[in-house]
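Q: Let me begin by handing over the structure; questions about it come next.
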Amino acid sequence: MDDDSHLIERKTSGEEILKGHFLHAFRDQVLLPNGKAATREYVIHPGAVMVIPLLDDGSGGLKLVLERQYRYPVERVMIEFPAGKLDAGEGVQRCAERELLEETGYTAGAWARAGVMHPVISYSTEFIDIWFARDLKLGPRKLDEGEFLDVFTATPTEFLQWCREGRVTDAKTLAGALWVQNVLKGNWSLEWGAPLSV
């Protein structure tokens with residue numbers, strides 16, 4: 001299992017095909033493991049974070065902080081966890097703290113990194129670092145110019161039901177559902193730490 005040489009494709013040449021404000025796309029020629037040539041088109045992405053905020057409902061119960069946001073490419077309002085892309089030179093936890101505050105108005109007293117996912121491995125370098133946040137305090141939101149979204153809460157049971165029914169179809173949020181389910185059942189543990197922005 002350690003020798004993957006029979007699977008690896010080797011780049012022989014490449015060209016930039018788009019450099020936009022957000023997307024940077026390339027077309028490469030590669031040599032396949034069997035010696036034949038192929039073309040690969042892909043998007044370079046700086047990476048992103050997703051935050052799973054756990055909110056104490058005041059009666060010993062737990063709610064999840066979620067968002068509803070219109071996503072132009074699919075022409076739908078989607079249910080998602082707070083998320084956003086990394087700024088140049090920004091660390092993942094710092095980004096998670098910034099995005100949670102900007103989009104929801106919440107700051108968290110404790111943070112735990114869950115893991116990482118690659119949402120579209122067939123055509124993008126994008127990764128999404130997954131974080132949990134708890135001990136939440138609400139303040140004013142700091143939405144980016146041109147950003148419009150609703151913030152709401154749901155119980156884990158409601159959220160997981162929406163995933164099962166197909167109301168939640170966003171890939172990162174569905175990956176978050178796997179983490180929510182296993183963390184809350186005690187199957188997967190998290191190591192909690194302090195926020196960087198104190």
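For the structure tokens, the naming scheme is as follows: chains receive sequential letters (A, B, ...) according to their order of presentation, residues are indexed from 1 within each chain, and ligands are indexed from 1 in presentation order.
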Got a sec to tell me which of chain A DSSP assigns to strand (DSSP E), as a PyMOL selection string?
A: chain A and resi 10-19+24-31+37-44+48-56+62-71+76-80+83-85+106-117+128-138+149-154
Q: Residues as selected, C-alpha atoms, written as a PDB file, in the first residue's frame, can you do that?
A:
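Written file, again_3.pdb:
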```pdb
ATOM      1  CA  ARG A  10       3.255  12.936 -14.355  1.00  0.00           C
ATOM      2  CA  LYS A  11       2.862  16.486 -15.704  1.00  0.00           C
ATOM      3  CA  THR A  12       4.608  17.032 -19.034  1.00  0.00           C
ATOM      4  CA  SER A  13       3.385  20.559 -19.820  1.00  0.00           C
ATOM      5  CA  GLY A  14       0.786  23.071 -18.716  1.00  0.00           C
ATOM      6  CA  GLU A  15      -0.947  26.321 -19.515  1.00  0.00           C
ATOM      7  CA  GLU A  16      -3.006  28.874 -17.635  1.00  0.00           C
ATOM      8  CA  ILE A  17      -6.516  29.094 -19.091  1.00  0.00           C
ATOM      9  CA  LEU A  18      -8.200  31.551 -16.677  1.00  0.00           C
ATOM     10  CA  LYS A  19      -7.057  33.975 -14.018  1.00  0.00           C
ATOM     11  CA  HIS A  24      -7.367  30.339 -11.357  1.00  0.00           C
ATOM     12  CA  ALA A  25      -7.640  27.508 -13.877  1.00  0.00           C
ATOM     13  CA  PHE A  26      -5.023  25.433 -15.675  1.00  0.00           C
ATOM     14  CA  ARG A  27      -4.864  22.802 -18.417  1.00  0.00           C
ATOM     15  CA  ASP A  28      -2.002  20.303 -18.078  1.00  0.00           C
ATOM     16  CA  GLN A  29      -0.795  17.480 -20.270  1.00  0.00           C
ATOM     17  CA  VAL A  30       0.075  14.412 -18.209  1.00  0.00           C
ATOM     18  CA  LEU A  31       1.628  11.023 -18.744  1.00  0.00           C
ATOM     19  CA  ALA A  37      -1.021  10.984 -22.649  1.00  0.00           C
ATOM     20  CA  ALA A  38      -4.074  12.711 -21.172  1.00  0.00           C
ATOM     21  CA  THR A  39      -5.318  16.222 -20.421  1.00  0.00           C
ATOM     22  CA  ARG A  40      -6.233  17.486 -16.950  1.00  0.00           C
ATOM     23  CA  GLU A  41      -8.103  20.748 -16.310  1.00  0.00           C
ATOM     24  CA  TYR A  42      -8.274  22.000 -12.737  1.00  0.00           C
ATOM     25  CA  VAL A  43      -8.777  25.032 -10.524  1.00  0.00           C
ATOM     26  CA  ILE A  44      -6.248  26.291  -7.989  1.00  0.00           C
ATOM     27  CA  ALA A  48     -11.150  27.305   3.171  1.00  0.00           C
ATOM     28  CA  VAL A  49     -12.559  26.569   6.593  1.00  0.00           C
ATOM     29  CA  MET A  50     -15.937  25.420   7.865  1.00  0.00           C
ATOM     30  CA  VAL A  51     -17.116  25.977  11.424  1.00  0.00           C
ATOM     31  CA  ILE A  52     -19.587  23.769  13.304  1.00  0.00           C
ATOM     32  CA  PRO A  53     -20.826  26.086  16.084  1.00  0.00           C
ATOM     33  CA  LEU A  54     -22.347  24.367  19.122  1.00  0.00           C
ATOM     34  CA  LEU A  55     -24.758  26.647  21.002  1.00  0.00           C
ATOM     35  CA  ASP A  56     -26.014  25.946  24.526  1.00  0.00           C
ATOM     36  CA  LEU A  62     -27.591  21.896  22.257  1.00  0.00           C
ATOM     37  CA  LYS A  63     -28.288  23.694  19.004  1.00  0.00           C
ATOM     38  CA  LEU A  64     -26.238  24.111  15.846  1.00  0.00           C
ATOM     39  CA  VAL A  65     -25.711  27.532  14.284  1.00  0.00           C
ATOM     40  CA  LEU A  66     -26.446  27.361  10.551  1.00  0.00           C
ATOM     41  CA  GLU A  67     -26.869  29.710   7.625  1.00  0.00           C
ATOM     42  CA  ARG A  68     -29.126  30.092   4.612  1.00  0.00           C
ATOM     43  CA  GLN A  69     -27.381  31.632   1.612  1.00  0.00           C
ATOM     44  CA  TYR A  70     -28.194  31.960  -2.084  1.00  0.00           C
ATOM     45  CA  ARG A  71     -25.594  30.207  -4.236  1.00  0.00           C
ATOM     46  CA  ARG A  76     -30.729  27.888  -4.796  1.00  0.00           C
ATOM     47  CA  VAL A  77     -30.763  29.047  -1.218  1.00  0.00           C
ATOM     48  CA  MET A  78     -28.628  26.481   0.597  1.00  0.00           C
ATOM     49  CA  ILE A  79     -28.423  25.442   4.249  1.00  0.00           C
ATOM     50  CA  GLU A  80     -24.793  25.488   5.316  1.00  0.00           C
ATOM     51  CA  ALA A  83     -17.476  28.844   6.064  1.00  0.00           C
ATOM     52  CA  GLY A  84     -15.098  30.919   4.012  1.00  0.00           C
ATOM     53  CA  LYS A  85     -11.840  30.941   2.121  1.00  0.00           C
ATOM     54  CA  TYR A 106     -20.560  34.755  17.370  1.00  0.00           C
ATOM     55  CA  THR A 107     -17.196  34.444  19.071  1.00  0.00           C
ATOM     56  CA  ALA A 108     -16.236  31.146  20.694  1.00  0.00           C
ATOM     57  CA  GLY A 109     -14.489  30.466  23.990  1.00  0.00           C
ATOM     58  CA  ALA A 110     -13.185  27.086  22.820  1.00  0.00           C
ATOM     59  CA  TRP A 111     -12.107  25.646  19.464  1.00  0.00           C
ATOM     60  CA  ALA A 112     -11.343  22.133  18.221  1.00  0.00           C
ATOM     61  CA  ARG A 113     -10.001  21.106  14.835  1.00  0.00           C
ATOM     62  CA  ALA A 114     -11.909  18.122  13.496  1.00  0.00           C
ATOM     63  CA  GLY A 115     -10.121  17.366  10.238  1.00  0.00           C
ATOM     64  CA  VAL A 116      -9.899  18.275   6.587  1.00  0.00           C
ATOM     65  CA  MET A 117     -11.893  17.430   3.490  1.00  0.00           C
ATOM     66  CA  ILE A 128     -11.717  22.696   3.709  1.00  0.00           C
ATOM     67  CA  ASP A 129     -10.452  22.596   7.283  1.00  0.00           C
ATOM     68  CA  ILE A 130     -13.268  21.589   9.661  1.00  0.00           C
ATOM     69  CA  TRP A 131     -13.521  23.237  13.103  1.00  0.00           C
ATOM     70  CA  PHE A 132     -15.910  22.962  16.048  1.00  0.00           C
ATOM     71  CA  ALA A 133     -16.655  26.020  18.194  1.00  0.00           C
ATOM     72  CA  ARG A 134     -18.407  26.166  21.581  1.00  0.00           C
ATOM     73  CA  ASP A 135     -18.992  28.566  24.496  1.00  0.00           C
ATOM     74  CA  LEU A 136     -20.484  31.018  22.041  1.00  0.00           C
ATOM     75  CA  LYS A 137     -21.157  34.699  22.703  1.00  0.00           C
ATOM     76  CA  LEU A 138     -23.243  36.757  20.302  1.00  0.00           C
ATOM     77  CA  LEU A 149     -27.253  35.377   4.514  1.00  0.00           C
ATOM     78  CA  ASP A 150     -29.643  34.380   7.286  1.00  0.00           C
ATOM     79  CA  VAL A 151     -28.335  32.868  10.526  1.00  0.00           C
ATOM     80  CA  PHE A 152     -30.536  30.415  12.425  1.00  0.00           C
ATOM     81  CA  THR A 153     -30.291  27.495  14.831  1.00  0.00           C
ATOM     82  CA  ALA A 154     -31.503  23.914  14.714  1.00  0.00           C
TER      83      ALA A 154
END
```
Q: Just list the residues in chain A DSSP gives alpha helix (DSSP H) on the backbone, as a VMD selection string.
A: chain A and resid 92 to 104 156 to 165 171 to 184
